[in-house]
Amino acid sequence: MTKVVFKEIEINNWIEYIELKFADKNYFEIEKNTKEEQEEFIKINSKTNKTKIWFNGLHGENLILYDCQYSSEETQSWSGESCAADPEKYGVFNQENLNKINDILEIPIYKGWYCFDPYKTRVLL
């Protein structure tokens, strides 16, 4: 495996990325679900708004991520798929895929988003 770097630190899998990305406990809470009867996931709860970021189905020594999505109680909606279309390609832990996931996460963490429904527009700030 080629070297993968995040915040100038060499990392080895998706778990290390998640722990570095969301290390500030003033803003984020990391919730891990590894119960055998349920699908494995890691959920990031924002402490500043109602955003939740989901890392679903970590497999193969945490080198494959089934999908990463975000949601909000305020918008009552989910983001689109980030790598579930082909996790064997887009979910593999490498520098290119990490950079793409990190770019996608700029939206729920720093930018916010709009959710449109036919009856009204809900805004997450």
# chains A, B, ... in the order shown; residues from 1 in each chain; ligands from 1

$ residues_around --residues "Ser79 of chain A" --least-positions-apart "4" --cutoff "12 Å" --atoms "only C-alpha atoms" --output "list in words"
Thr51, Lys52, Ile53, Trp54, Asp67, Cys68, Gln69, Tyr70, Ser71, Ser72, Thr75, Cys83, Ile104, Leu105, Ile107, Pro108, Gly112, Trp113, Tyr114, Cys115 and Phe116 of chain A

$ write_last_selection --atoms "N, CA and C atoms" --output "CSV table (one decimal), in the first residue's frame"
chain,number,residue,atom,x,y,z
A,51,THR,N,-26.0,18.1,12.7
A,51,THR,CA,-25.4,17.3,11.7
A,51,THR,C,-24.9,16.0,12.2
A,52,LYS,N,-25.0,14.9,11.5
A,52,LYS,CA,-24.5,13.6,11.8
A,52,LYS,C,-23.8,13.1,10.5
A,53,ILE,N,-22.6,12.6,10.7
A,53,ILE,CA,-21.8,12.1,9.6
A,53,ILE,C,-21.6,10.6,9.8
A,54,TRP,N,-22.0,9.8,8.8
A,54,TRP,CA,-22.0,8.3,9.0
A,54,TRP,C,-20.9,7.7,8.1
A,67,ASP,N,-19.6,3.2,2.7
A,67,ASP,CA,-20.1,4.5,2.3
A,67,ASP,C,-19.9,5.6,3.4
A,68,CYS,N,-19.9,6.8,3.0
A,68,CYS,CA,-19.9,8.0,3.9
A,68,CYS,C,-21.0,8.9,3.5
A,69,GLN,N,-21.9,9.2,4.4
A,69,GLN,CA,-23.0,10.1,4.2
A,69,GLN,C,-23.2,11.1,5.4
A,70,TYR,N,-23.9,12.1,5.2
A,70,TYR,CA,-24.2,13.0,6.3
A,70,TYR,C,-25.7,13.3,6.3
A,71,SER,N,-26.2,13.6,7.5
A,71,SER,CA,-27.7,13.9,7.6
A,71,SER,C,-27.8,15.0,8.6
A,72,SER,N,-29.1,15.5,8.7
A,72,SER,CA,-29.4,16.5,9.7
A,72,SER,C,-30.9,16.4,10.1
A,75,THR,N,-32.7,19.4,8.3
A,75,THR,CA,-33.2,19.3,6.9
A,75,THR,C,-34.0,18.0,6.7
A,83,CYS,N,-19.4,6.6,-1.8
A,83,CYS,CA,-18.7,5.5,-2.4
A,83,CYS,C,-19.5,4.2,-2.5
A,104,ILE,N,-15.7,16.1,0.3
A,104,ILE,CA,-17.2,16.0,0.5
A,104,ILE,C,-17.6,16.5,1.9
A,105,LEU,N,-16.8,16.2,2.9
A,105,LEU,CA,-17.1,16.5,4.2
A,105,LEU,C,-16.9,18.0,4.6
A,107,ILE,N,-18.7,20.2,3.2
A,107,ILE,CA,-20.0,20.7,3.1
A,107,ILE,C,-20.7,20.6,4.5
A,108,PRO,N,-20.8,19.4,5.1
A,108,PRO,CA,-21.5,19.4,6.4
A,108,PRO,C,-20.8,20.0,7.5
A,112,GLY,N,-22.3,24.0,5.2
A,112,GLY,CA,-23.8,23.8,5.3
A,112,GLY,C,-24.4,23.5,4.0
A,113,TRP,N,-25.6,23.2,4.0
A,113,TRP,CA,-26.3,22.8,2.7
A,113,TRP,C,-27.8,23.1,2.8
A,114,TYR,N,-28.4,23.1,1.6
A,114,TYR,CA,-29.8,23.3,1.5
A,114,TYR,C,-30.4,22.0,1.1
A,115,CYS,N,-31.6,21.8,1.6
A,115,CYS,CA,-32.4,20.6,1.2
A,115,CYS,C,-33.7,21.1,0.6
A,116,PHE,N,-34.0,20.8,-0.6
A,116,PHE,CA,-35.3,21.2,-1.2
A,116,PHE,C,-36.3,20.1,-1.1

$ residues_around --residues "Glu96 of chain A" --least-positions-apart "5" --cutoff "12 Å" --atoms "only C-alpha atoms" --output "count of residues only"
11

$ residues_around --residues "Ile15 of chain A" --least-positions-apart "6" --cutoff "12 Å" --atoms "only C-alpha atoms" --output "PyMOL selection string"
chain A and resi 21-23+30+32+41-43+55-65+93+98

$ write_last_selection --atoms "C-alpha atoms" --output "compact mmCIF listing (two decimals), in the first residue's frame"
# COMPACT_ATOMS: atom_id res chain seq x y z
CA LYS A 21 -10.49 14.48 11.33
CA PHE A 22 -12.90 14.61 14.27
CA ALA A 23 -10.42 14.81 17.17
CA ILE A 30 -17.49 9.91 17.82
CA LYS A 32 -18.88 3.56 17.23
CA PHE A 41 -20.68 2.08 11.45
CA ILE A 42 -19.11 5.12 13.00
CA LYS A 43 -21.31 8.15 13.53
CA PHE A 55 -19.11 6.03 7.98
CA ASN A 56 -20.78 2.74 7.10
CA GLY A 57 -19.44 -0.78 6.67
CA LEU A 58 -15.74 -0.56 7.39
CA HIS A 59 -14.16 -3.83 6.20
CA GLY A 60 -10.81 -5.46 5.59
CA GLU A 61 -8.78 -4.11 8.51
CA ASN A 62 -10.62 -0.81 7.99
CA LEU A 63 -9.18 -0.44 4.50
CA ILE A 64 -12.56 -0.49 2.73
CA LEU A 65 -15.38 1.91 3.51
CA PHE A 93 -8.28 3.40 1.56
CA LEU A 98 -9.34 10.00 1.25

$ closest_residue --among "A:Tyr66, A:Glu10, A:Asn45, A:Glu40" --to "Ser82 of chain A" --atoms "only C-alpha atoms"
A:Tyr66

$ closest_residue --among "A:Asp86, A:Val92, A:Tyr110, A:Lys100" --to "Asn13 of chain A" --atoms "only C-alpha atoms"
A:Val92

$ closest_residue --among "A:Asn99, A:Asn33, A:Lys50, A:Asn26" --to "Lys7 of chain A" --atoms "only C-alpha atoms"
A:Asn99

$ atom_distance --atom1 "atom CA of Pro87 of chain A" --atom2 "atom CA of Glu16 of chain A"
18.5 Å

$ atom_distance --atom1 "atom CA of Ile44 of chain A" --atom2 "atom CA of Leu20 of chain A"
12.2 Å

$ select_by_dssp --residues "segment 40-120 of chain A" --states "helix (DSSP H, G or I)" --output "count of residues only"
20

$ select_by_dssp --residues "segment 21-54 of chain A" --states "strand (DSSP E or B)" --output "list of chain:residue names"
A:Phe28, A:Glu29, A:Ile30, A:Glu31, A:Lys32, A:Asn33, A:Phe41, A:Ile42, A:Lys43, A:Ile44, A:Asn45, A:Ser46, A:Thr51, A:Lys52, A:Ile53, A:Trp54

$ write_last_selection --atoms "C-alpha atoms" --output "PDB file, in the first residue's frame"
ATOM      1  CA  PHE A  28     -17.509  16.420  17.610  1.00  0.00           C
ATOM      2  CA  GLU A  29     -18.527  13.230  19.377  1.00  0.00           C
ATOM      3  CA  ILE A  30     -17.488   9.913  17.817  1.00  0.00           C
ATOM      4  CA  GLU A  31     -19.951   7.058  18.290  1.00  0.00           C
ATOM      5  CA  LYS A  32     -18.884   3.563  17.229  1.00  0.00           C
ATOM      6  CA  ASN A  33     -21.298   0.712  16.638  1.00  0.00           C
ATOM      7  CA  PHE A  41     -20.680   2.084  11.446  1.00  0.00           C
ATOM      8  CA  ILE A  42     -19.109   5.121  13.005  1.00  0.00           C
ATOM      9  CA  LYS A  43     -21.313   8.145  13.533  1.00  0.00           C
ATOM     10  CA  ILE A  44     -19.958  11.618  14.122  1.00  0.00           C
ATOM     11  CA  ASN A  45     -22.309  13.881  16.053  1.00  0.00           C
ATOM     12  CA  SER A  46     -21.729  17.600  15.703  1.00  0.00           C
ATOM     13  CA  THR A  51     -25.431  17.282  11.663  1.00  0.00           C
ATOM     14  CA  LYS A  52     -24.463  13.627  11.780  1.00  0.00           C
ATOM     15  CA  ILE A  53     -21.810  12.065   9.556  1.00  0.00           C
ATOM     16  CA  TRP A  54     -21.986   8.321   8.967  1.00  0.00           C
TER      17      TRP A  54
END

$ atom_distance --atom1 "atom CA of Glu73 of chain A" --atom2 "atom CA of Asn49 of chain A"
9.2 Å

$ closest_residue --among "A:Asn94, A:Lys25, A:Thr48, A:Ala85" --to "Asn12 of chain A" --atoms "only C-alpha atoms"
A:Asn94

$ decode --residues "segment 94-108 of chain A" --atoms "all heavy atoms" --output "compact mmCIF listing (two decimals), in the first residue's frame"
# COMPACT_ATOMS: atom_id res chain seq x y z
N ASN A 94 -7.02 4.87 0.12
CA ASN A 94 -5.84 5.37 -0.58
C ASN A 94 -5.91 6.90 -0.57
O ASN A 94 -6.92 7.48 -0.16
CB ASN A 94 -5.73 4.79 -2.00
CG ASN A 94 -6.91 5.13 -2.89
OD1 ASN A 94 -7.42 6.24 -2.87
ND2 ASN A 94 -7.34 4.15 -3.68
N GLN A 95 -4.86 7.55 -1.02
CA GLN A 95 -4.80 9.01 -0.93
C GLN A 95 -5.89 9.68 -1.76
O GLN A 95 -6.53 10.62 -1.31
CB GLN A 95 -3.42 9.51 -1.37
CG GLN A 95 -3.20 10.98 -1.06
CD GLN A 95 -3.08 11.25 0.43
OE1 GLN A 95 -2.24 10.67 1.11
NE2 GLN A 95 -3.92 12.12 0.95
N GLU A 96 -6.13 9.18 -2.95
CA GLU A 96 -7.15 9.78 -3.82
C GLU A 96 -8.54 9.71 -3.19
O GLU A 96 -9.27 10.71 -3.14
CB GLU A 96 -7.16 9.10 -5.18
CG GLU A 96 -8.19 9.67 -6.14
CD GLU A 96 -8.20 8.97 -7.48
OE1 GLU A 96 -7.45 8.00 -7.70
OE2 GLU A 96 -9.00 9.40 -8.33
N ASN A 97 -8.93 8.55 -2.68
CA ASN A 97 -10.25 8.40 -2.08
C ASN A 97 -10.38 9.18 -0.77
O ASN A 97 -11.42 9.77 -0.49
CB ASN A 97 -10.58 6.93 -1.86
CG ASN A 97 -10.85 6.21 -3.16
OD1 ASN A 97 -11.11 6.83 -4.20
ND2 ASN A 97 -10.77 4.90 -3.14
N LEU A 98 -9.31 9.21 0.02
CA LEU A 98 -9.34 10.00 1.25
C LEU A 98 -9.54 11.48 0.91
O LEU A 98 -10.35 12.16 1.53
CB LEU A 98 -8.04 9.82 2.04
CG LEU A 98 -8.00 10.59 3.35
CD1 LEU A 98 -7.36 9.74 4.43
CD2 LEU A 98 -7.26 11.89 3.20
N ASN A 99 -8.83 11.98 -0.09
CA ASN A 99 -8.98 13.38 -0.49
C ASN A 99 -10.40 13.68 -0.93
O ASN A 99 -10.95 14.74 -0.61
CB ASN A 99 -7.99 13.74 -1.59
CG ASN A 99 -6.55 13.74 -1.11
OD1 ASN A 99 -6.27 13.74 0.08
ND2 ASN A 99 -5.63 13.71 -2.06
N LYS A 100 -11.01 12.75 -1.67
CA LYS A 100 -12.39 12.96 -2.14
C LYS A 100 -13.38 12.99 -0.97
O LYS A 100 -14.24 13.86 -0.91
CB LYS A 100 -12.78 11.88 -3.14
CG LYS A 100 -12.11 12.06 -4.48
CD LYS A 100 -12.49 10.98 -5.45
CE LYS A 100 -11.75 11.18 -6.77
NZ LYS A 100 -12.03 10.12 -7.72
N ILE A 101 -13.26 12.05 -0.05
CA ILE A 101 -14.14 12.03 1.13
C ILE A 101 -13.93 13.30 1.94
O ILE A 101 -14.88 13.95 2.39
CB ILE A 101 -13.90 10.78 2.00
CG1 ILE A 101 -14.35 9.52 1.28
CG2 ILE A 101 -14.59 10.91 3.36
CD1 ILE A 101 -15.84 9.40 1.04
N ASN A 102 -12.69 13.69 2.13
CA ASN A 102 -12.39 14.88 2.90
C ASN A 102 -13.01 16.12 2.24
O ASN A 102 -13.55 16.98 2.93
CB ASN A 102 -10.88 15.03 3.06
CG ASN A 102 -10.52 15.93 4.20
OD1 ASN A 102 -10.97 15.73 5.32
ND2 ASN A 102 -9.72 16.94 3.93
N ASP A 103 -12.95 16.21 0.92
CA ASP A 103 -13.59 17.33 0.20
C ASP A 103 -15.11 17.32 0.38
O ASP A 103 -15.72 18.36 0.61
CB ASP A 103 -13.25 17.29 -1.29
CG ASP A 103 -11.82 17.70 -1.59
OD1 ASP A 103 -11.16 18.27 -0.70
OD2 ASP A 103 -11.37 17.44 -2.72
N ILE A 104 -15.71 16.15 0.28
CA ILE A 104 -17.17 16.03 0.46
C ILE A 104 -17.57 16.51 1.85
O ILE A 104 -18.57 17.19 2.02
CB ILE A 104 -17.63 14.57 0.23
CG1 ILE A 104 -17.53 14.21 -1.26
CG2 ILE A 104 -19.05 14.34 0.75
CD1 ILE A 104 -17.70 12.73 -1.55
N LEU A 105 -16.77 16.17 2.85
CA LEU A 105 -17.10 16.52 4.23
C LEU A 105 -16.94 18.00 4.55
O LEU A 105 -17.39 18.46 5.60
CB LEU A 105 -16.29 15.66 5.21
CG LEU A 105 -16.65 14.18 5.19
CD1 LEU A 105 -15.76 13.40 6.13
CD2 LEU A 105 -18.12 13.96 5.50
N GLU A 106 -16.36 18.76 3.65
CA GLU A 106 -16.31 20.22 3.82
C GLU A 106 -17.73 20.79 3.90
O GLU A 106 -17.97 21.77 4.60
CB GLU A 106 -15.55 20.87 2.67
CG GLU A 106 -14.06 20.57 2.66
CD GLU A 106 -13.33 21.21 3.82
OE1 GLU A 106 -13.43 22.44 3.96
OE2 GLU A 106 -12.66 20.48 4.56
N ILE A 107 -18.66 20.19 3.17
CA ILE A 107 -20.03 20.69 3.12
C ILE A 107 -20.70 20.61 4.49
O ILE A 107 -21.11 21.63 5.03
CB ILE A 107 -20.85 19.95 2.04
CG1 ILE A 107 -20.27 20.29 0.67
CG2 ILE A 107 -22.33 20.33 2.12
CD1 ILE A 107 -20.79 19.42 -0.45
N PRO A 108 -20.83 19.43 5.10
CA PRO A 108 -21.54 19.41 6.38
C PRO A 108 -20.76 20.05 7.53
O PRO A 108 -21.36 20.52 8.49
CB PRO A 108 -21.78 17.93 6.64
CG PRO A 108 -20.70 17.24 5.90
CD PRO A 108 -20.47 18.08 4.66
